[in-house]
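> One structure follows; several queries about it will come next.
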Amino acid sequence: MTTAVRTGAVGTGHVRVEGRDKVTGAARYAGEIPFAGLAHGWLVLSTVARGRITDIDSEPVLRMPGVLAVLDHRNALPLTTDYVGMLGTAPDPTCAVFQNDRVPHRGWPVALVVAETPEQAREAAEALAVSYTREPHDVGFDADRPDTRPADGHMPAVTDKGDLEAELAAGAVVLEAEYSTPEEHHNPMEPHAATARWEDGRLDVVDSNQGATWVVGELAQLFSLDPASVRVRSEHVGGGFGSKGVRAHQVAAVMAAAVLDRPVRVVLTRRQMFTLAGHRSPTVQRVRLAADADGRLRALDHRSLSRTSTVHEFVEPSAGVARVMYDADAHHTENRVVSLDVPTPTWMRAPGEAPGSFALECALDELAEKAGVDPVLLRLRNEPERGPVSGLPFAGRNLRACFELGARRFDWARRDPRPGRRRDGRWLLGTGTAAASFGAGAAPSTASVTAEADGSFTVRIAAADIGTGARTALTLVAADALDTAPDRVQVRLGDSAFGPAMIAGGSMGTRSWSWAITAAAAALRERLVPGQEIPPDGITVRADTTEAVAALAQKERHSFGAQFAEVAVDVATGEVRVRRMLGVFAAGRIVNPLTARGQFIGGMVWGISMALHEEAVRDPGHGGLVGADLAGYHVAAHADVPRLEAEWIEEPDPDDPAGGIKGIGEIGIVGAAAAIANAVWHATGVRHRALPIRPDRVLAGHDA
Amino acid sequence: MREFGYQRAQDVSDAVALLDADTDARFLAGGTNLVDLMKTGVERPGRLVDIRSLPLDRVESTPDGGLRVGATVTNGDLAAHPEVRRRYPVLAQAVLAGASGQLRTMATLGGNLLQRTRCAYFTDTTLPCNKRRPGSGCPAVRGEHHNHAVLGASDHCVAVHPSDLAVALAALDAVVHYETADGPGDLPLGRFYLPVDDTPHRETALPAGALVTGVTLPPAPVAARSRYRKVRERASYAFAIGSIAAALDVRDGVVRDVRLAYGAVASRPWRARAAERALTGAPADAASFAAAADAELAAARPLPHNGYKVTLMRNLTVAVLTELAEEAAR
């Protein structure tokens with residue numbers, strides 16, 4: 001950059017630029033955008049957990065009012081699944097709909113009924129008779145299964161150094177414990193919805209997704225199309241959390257639009273989302289720690305088992321968190337999976353870190369208790385200089401500052417470490433803490449910036465604002481990069497026509513997109529001559545960060561945080577209430593404090609849910625979920641969310657070519673459940689190693 | 001979703017006549033349960049008869065000092081009514097413990113009594129359920145049942161009744177009034193809900209096509225000191241895993257009168273008469289309260305995963321009665 005940039009937009013709270021459109025209803029979501037001649041598809045899901053389809057009796061359904069077509073494995077378009085997608089993974093066959101007669105889990109898509117109205121489609125879909133031969137199914141998940149295997153997923157399955165057994169034997173304090181987390185679901189407020197239409201050999205999809213580039217790539221591969229002939233738009237997205245990539249409904253809509261030669265929309269119901277939108281696998285995690293008398297770790301062993309489907313491998317890498325957080329002379333981490341007759345899990349907010357931090361940070365709390373060391377001090381004593389497994393330097397690790405500020409704000413120093421000492425009427429009170437981290441990666445993106453004739457600027461990037469405030473954050477970044485005011489910048493996103501860009505995922509969106517926008521803005525400013533007349537079409541400059549991202553120095557790049565929680569527990573009824581929480585984060589440069597606070601707090605609220613409420617129950621008898629809706633699957637209600645505070649510390653990184661921005665989308669949930677569980681122990685003296693900490697479990701812990 | 005007709009009843013006799021003429025019709029009041037069930041396909045009525053505008057929306061004092069509450073009084077209005085709050089605090093508390101502000105504004109007294117269980121097997125039409133499809137089986141007995149019944153259930157159904165309000169009504173000896181094409185009738189709440197036995201699909205003793213028109217609350221001086229406590233798996237907007245409606249009259253440390261009803265433990269609000277008998281005349285102390293709970297819960301038949309409810313109800317009984325006794329002693 002050759003000119004000094006105005007600073008001021010980044011770092012200053014700014015309301016969402018599209019906020020007014022959203023609260024007035026002017027912002028349209030994928031399922032409500034009108035199309036001429038629109039037909040509506042309704043997915044039919046299997047009612048057996050394993051078997052084969054023997055017959056689908058389409059004829060009576062085709063005679064029902066308004067019904068246009070029934071698509072199933074006998075008349076489906078062939079799809080290609082032999083490819084590796086943008087995120088380096090093969091497609092989950094669940095989205096490659098109707099390719100064969102096999103049913104690998106309950107809730108598998110077996111047909112699509114298309115009709116003139118959604119009501120007609122639903123009535124017909126529910127009337128469609130599907131016959132199966134059933135095979136015995138297996139959905140039983142436990143740590144002692146013999147058929148588990150180490151699995152890489154998005155990181156190596158195993159890391160190992162030192163002599164684990166020797167260090168465990170030599171420890172002055174040793175802890176061994178097993179933790180479990182249940183199957184959890186991300187259910188964004190806006191259901192998955194897609195409308196597909198074909199025009200002049202081109203495919204146009206209006207969708208709700210976390211990355212238009214991602215979905216274009218998948219649809220082009222699945223239908224063997226030139227990616228240039230596919231356009232995916234996703235202007236407003238009511239939440240994603242990892243669930244909104246390519247899924248069965250988009251593929252079914254594209255297929256039906258091709259077969260019927262008219263636009264087709266498919267929307268998932270809330271119940272369908274519980275099998276088709278992915279979920280977080282349950283985990284069983286075994287942690288072994290050995291430490292010197294002062295709490296310095298000699299051995300750290302974290303092994304996690306998660307579950308995947310029989311058609312696709314997804315690993316919930318819960319053991320990965322220790323590779324960043326804590327060093328030890330002997331250090332072993334291992335992620336294993338077992339394939340069962342269940343839907344394929346997927347990325348769900350802080351995959352790996354959320355359940356992994358529950359186990360590891362509870363184990364540290366237990367170790368602190370055994371060693372008689374304050375839990376905050378124990379963590380500070382184990383701060384590594386370099387990546388415990390990689391040996392790489394950290395690009396900013398300010399966990400110590402987070403704990404020190406948090407401990408002051410939370411009045412930690414006055415805490416009596418002994419459990420069960422504080423009472424308020426029928427409630428026992430306790431406090432707990434936990435550390436948090438999440439990766440701060442970047443991925444190649446392209447962006448364009450146009451200097452308009454009226455002096456304003458238009459930024460185009462295939463980014464996704466999944467409710468986080470990304471559009472606003474990018475407006476602020478662009479304004480500073482262009483040395484102009486935010487209201488002179490219009491950011492357009494959610495359109496694959498803008499060129500390839502990273503998804504809103506992995507807490508990498510803002511960092512990756514800001515980098516591309518900043519580069520494009522810098523290049524544009526070099527092109528613009530003072531006093532120059534701008535042509536009516538404006539002057540547009542594009543940037544691509546592929547080379548810059550590849551050239552980024554190898555470092556351990558993460559956000560860090562310290563979570564604190566105070567809870568009240570009534571051991572007579574088993575009720576647990578969070579009374580207050582504080583999260584202090586070191587997450588690079590905070591672009592928009594207003595929406596950043598929302599993301600941190602939102603993650604912490606989800607941590608409350610994870611600790612106390614969320615649990616999808618799978619019935620071994622029928623192999624499906626019980627109560628798969630938001631009445632049966634509880635998330636924290638307003639009354640469960642007390643005074644929450646999120647703060648962050650300044651963490652400038654002048655050497656970072658991406659402007660020192662790290663991701664903040666996921667770290668808020670990391671460690672939150674552990675802090676709450678540790679507080680429950682402090683209140684009651686009873687450890688809860690299985691989530692959620694339900695009233696019946698609390699009662700069982702206090703049953704005389 | 002099945003297409004359905006809609007008709008607004010002009011008056012009570014019109015409403016009753018419409019349902020009498022069409023067995024495929026259902027009354028619609030607040031719709032907070034029926035509409036959900038229609039969306040999921042559990043209910044597929046051919047016609048809805050809207051009774052919302054019938055003149056059944058008043059709360060009136062009875063000559064003997066009780067209250068008569070119309071069937072379409074909303075939960076919100078019921079809980080806010082000054083006489084309800086003064087004479088029957090347990091009822092106002094029970095109503096406020098249920099649902100959310102938005103739902104209470106829509107939901108009505110009659111609909112609340114007639115709402116269906118939230119058992120997840122009942123609400124999923126792809127699964128067997130003896131209540132929804134008689135004879136198809138009850139997967140909850142061997143499946144997920146941690147919030148199912150411990151009292152009065154059978155092998156045919158272990159679902160619990162979801163109402164909070166009805167638990168308070170059970171403790172208050174409420175009487176339900178209804179109208180049929182053949183004339184009016186009354187049912188004390190204790191006989192309003194049928195035992196499960198092998199007919200879980202038959203939930204109330206109402207004659208076919210009957211319209212609940214209201215509820216009478218007899219005078220109950222004991223209710224002046226009364227309480228509803230609800231335990232659930234989050235702080236609000238969830239059904240109970242155990243609840244208690246209690247009223248206690250203590251003189252000189254001795255229980256003179258007591259009312260106890262349990263929620264979320266049975267297919268109906270569970271009047272704890274064995275506990276009441278054990279307590280009447282007993283010292284108002286924790287030992288008596290625990291013994292009374294044990295007397296009631298001796299009949300409990302927990303399933304493998306809901307035994308905690310016995311502990312919970314015992315603890316709740318002791319806790320709430322102790323609170324009331326301590327208040328009385330002040």
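The chains in the structure tokens are called A, B, ... from first to last as shown; in each chain the residues are counted from 1, and the ligands are counted from 1 in the order shown.
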Quick check for you: according to DSSP on this backbone, which residues of region 428-674 of chain A are classed as strand (DSSP E)? Reply as an MDAnalysis selection string.
chainID A and resid 428:439 446:451 457:460 489:492 539:544 558:570 575:586 617:618 625:626 643:648
> Could you list, as a list in words, every residue within 9 Å of Met155 (chain A), counting only C-alpha atoms and ignoring same-chain residues fewer than 3 positions away?
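Once the adjacent positions are removed, what remains is Ala151, Asp152, Val158, Pro317 and Gly320 of chain A.
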> Define the interface residues of chain A facing chain B as those within 6 Å, counting only C-alpha atoms, and report them as number ranges by chain.
A: 119, 123, 572-573, 619, 626-627, 639-640, 696
> Mind checking which residues fall within 8 Å of Leu151 (chain B), counting only C-alpha atoms, ignoring those fewer than 2 positions away in the same chain, and posting them as number ranges by chain?
B: 149, 153, 265-266, 297, 299-302
> To one decimal place, how far is CA of Val266 (chain A) from CA of Gly211 (chain A) in Å?
18.5 Å
> Separation of CA of Thr74 (chain B) and CA of Leu324 (chain B), in Å?
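CA of Leu324 (chain B) lies at a distance of 28.3 Å from CA of Thr74 (chain B).
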> Find the spatial neighbours of Arg280 (chain A), counting only C-alpha atoms, within a cut-off of 7 Å - ignore same-chain residues fewer than 3 positions away - and output them as a VMD selection string.
chain A and resid 183 to 185 345 to 348
> Keeping only N, CA and C atoms, write the selected residues as a PDB file, in the first residue's frame.

ATOM      1  N   GLU A 183     -25.075 -36.688  21.209  1.00  0.00           N
ATOM      2  CA  GLU A 183     -25.348 -36.203  19.850  1.00  0.00           C
ATOM      3  C   GLU A 183     -26.010 -34.826  19.958  1.00  0.00           C
ATOM      4  N   GLU A 184     -25.463 -33.873  19.223  1.00  0.00           N
ATOM      5  CA  GLU A 184     -25.980 -32.498  19.277  1.00  0.00           C
ATOM      6  C   GLU A 184     -26.302 -32.017  17.863  1.00  0.00           C
ATOM      7  N   HIS A 185     -27.243 -31.108  17.785  1.00  0.00           N
ATOM      8  CA  HIS A 185     -27.697 -30.643  16.462  1.00  0.00           C
ATOM      9  C   HIS A 185     -27.633 -29.134  16.349  1.00  0.00           C
ATOM     10  N   PRO A 345     -22.526 -37.250  10.503  1.00  0.00           N
ATOM     11  CA  PRO A 345     -22.341 -35.985  11.222  1.00  0.00           C
ATOM     12  C   PRO A 345     -21.576 -34.983  10.355  1.00  0.00           C
ATOM     13  N   THR A 346     -21.441 -33.784  10.850  1.00  0.00           N
ATOM     14  CA  THR A 346     -20.709 -32.784  10.077  1.00  0.00           C
ATOM     15  C   THR A 346     -20.103 -31.749  11.014  1.00  0.00           C
ATOM     16  N   TRP A 347     -19.538 -30.708  10.409  1.00  0.00           N
ATOM     17  CA  TRP A 347     -19.016 -29.595  11.197  1.00  0.00           C
ATOM     18  C   TRP A 347     -20.160 -28.952  11.955  1.00  0.00           C
ATOM     19  N   MET A 348     -19.991 -28.818  13.229  1.00  0.00           N
ATOM     20  CA  MET A 348     -20.942 -28.047  14.026  1.00  0.00           C
ATOM     21  C   MET A 348     -20.107 -27.166  14.940  1.00  0.00           C
TER      22      MET A 348
END
> Write out as a ChimeraX atom specification each polymer residue whose atoms come within 6 Å of Val670 (chain A), counting only C-alpha atoms; drop sequence neighbours fewer than 2 positions from it.
/A:354,436,667-668,672
> Could you write out the selected residues, including N, CA and C atoms, as a PDB file, in the first residue's frame?

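Okay, this is what ended up in out-v4.pdb:
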ATOM      1  N   ALA A 354     -15.202 -27.905  20.759  1.00  0.00           N
ATOM      2  CA  ALA A 354     -16.309 -27.778  21.719  1.00  0.00           C
ATOM      3  C   ALA A 354     -16.371 -29.002  22.640  1.00  0.00           C
ATOM      4  N   ALA A 436      -9.917 -21.637  26.447  1.00  0.00           N
ATOM      5  CA  ALA A 436     -10.506 -21.842  25.121  1.00  0.00           C
ATOM      6  C   ALA A 436      -9.493 -21.499  24.050  1.00  0.00           C
ATOM      7  N   ILE A 667     -15.000 -19.493  18.930  1.00  0.00           N
ATOM      8  CA  ILE A 667     -14.299 -19.628  20.218  1.00  0.00           C
ATOM      9  C   ILE A 667     -15.224 -19.387  21.413  1.00  0.00           C
ATOM     10  N   GLY A 668     -16.317 -18.672  21.212  1.00  0.00           N
ATOM     11  CA  GLY A 668     -17.204 -18.374  22.337  1.00  0.00           C
ATOM     12  C   GLY A 668     -17.785 -19.602  22.999  1.00  0.00           C
ATOM     13  N   ALA A 672     -16.816 -23.207  27.393  1.00  0.00           N
ATOM     14  CA  ALA A 672     -17.941 -22.700  28.179  1.00  0.00           C
ATOM     15  C   ALA A 672     -18.598 -23.826  28.984  1.00  0.00           C
TER      16      ALA A 672
END
> Would you pick out the contacts of Arg58 (chain B) at 10 Å or less, using only C-alpha atoms, so that residues sharing its chain but fewer than 6 positions from it are not included, and give the list as JSON, numbers by chain?
{"B": [68, 69, 70, 71, 72, 73, 74, 77, 78, 214]}
> Extract, using only C-alpha atoms, all DNA, RNA and protein residues at most 6 Å from Ala246 (chain B), discarding same-chain residues fewer than 6 positions from it, and format them as a PyMOL selection string.
chain B and resi 226-227+259-260
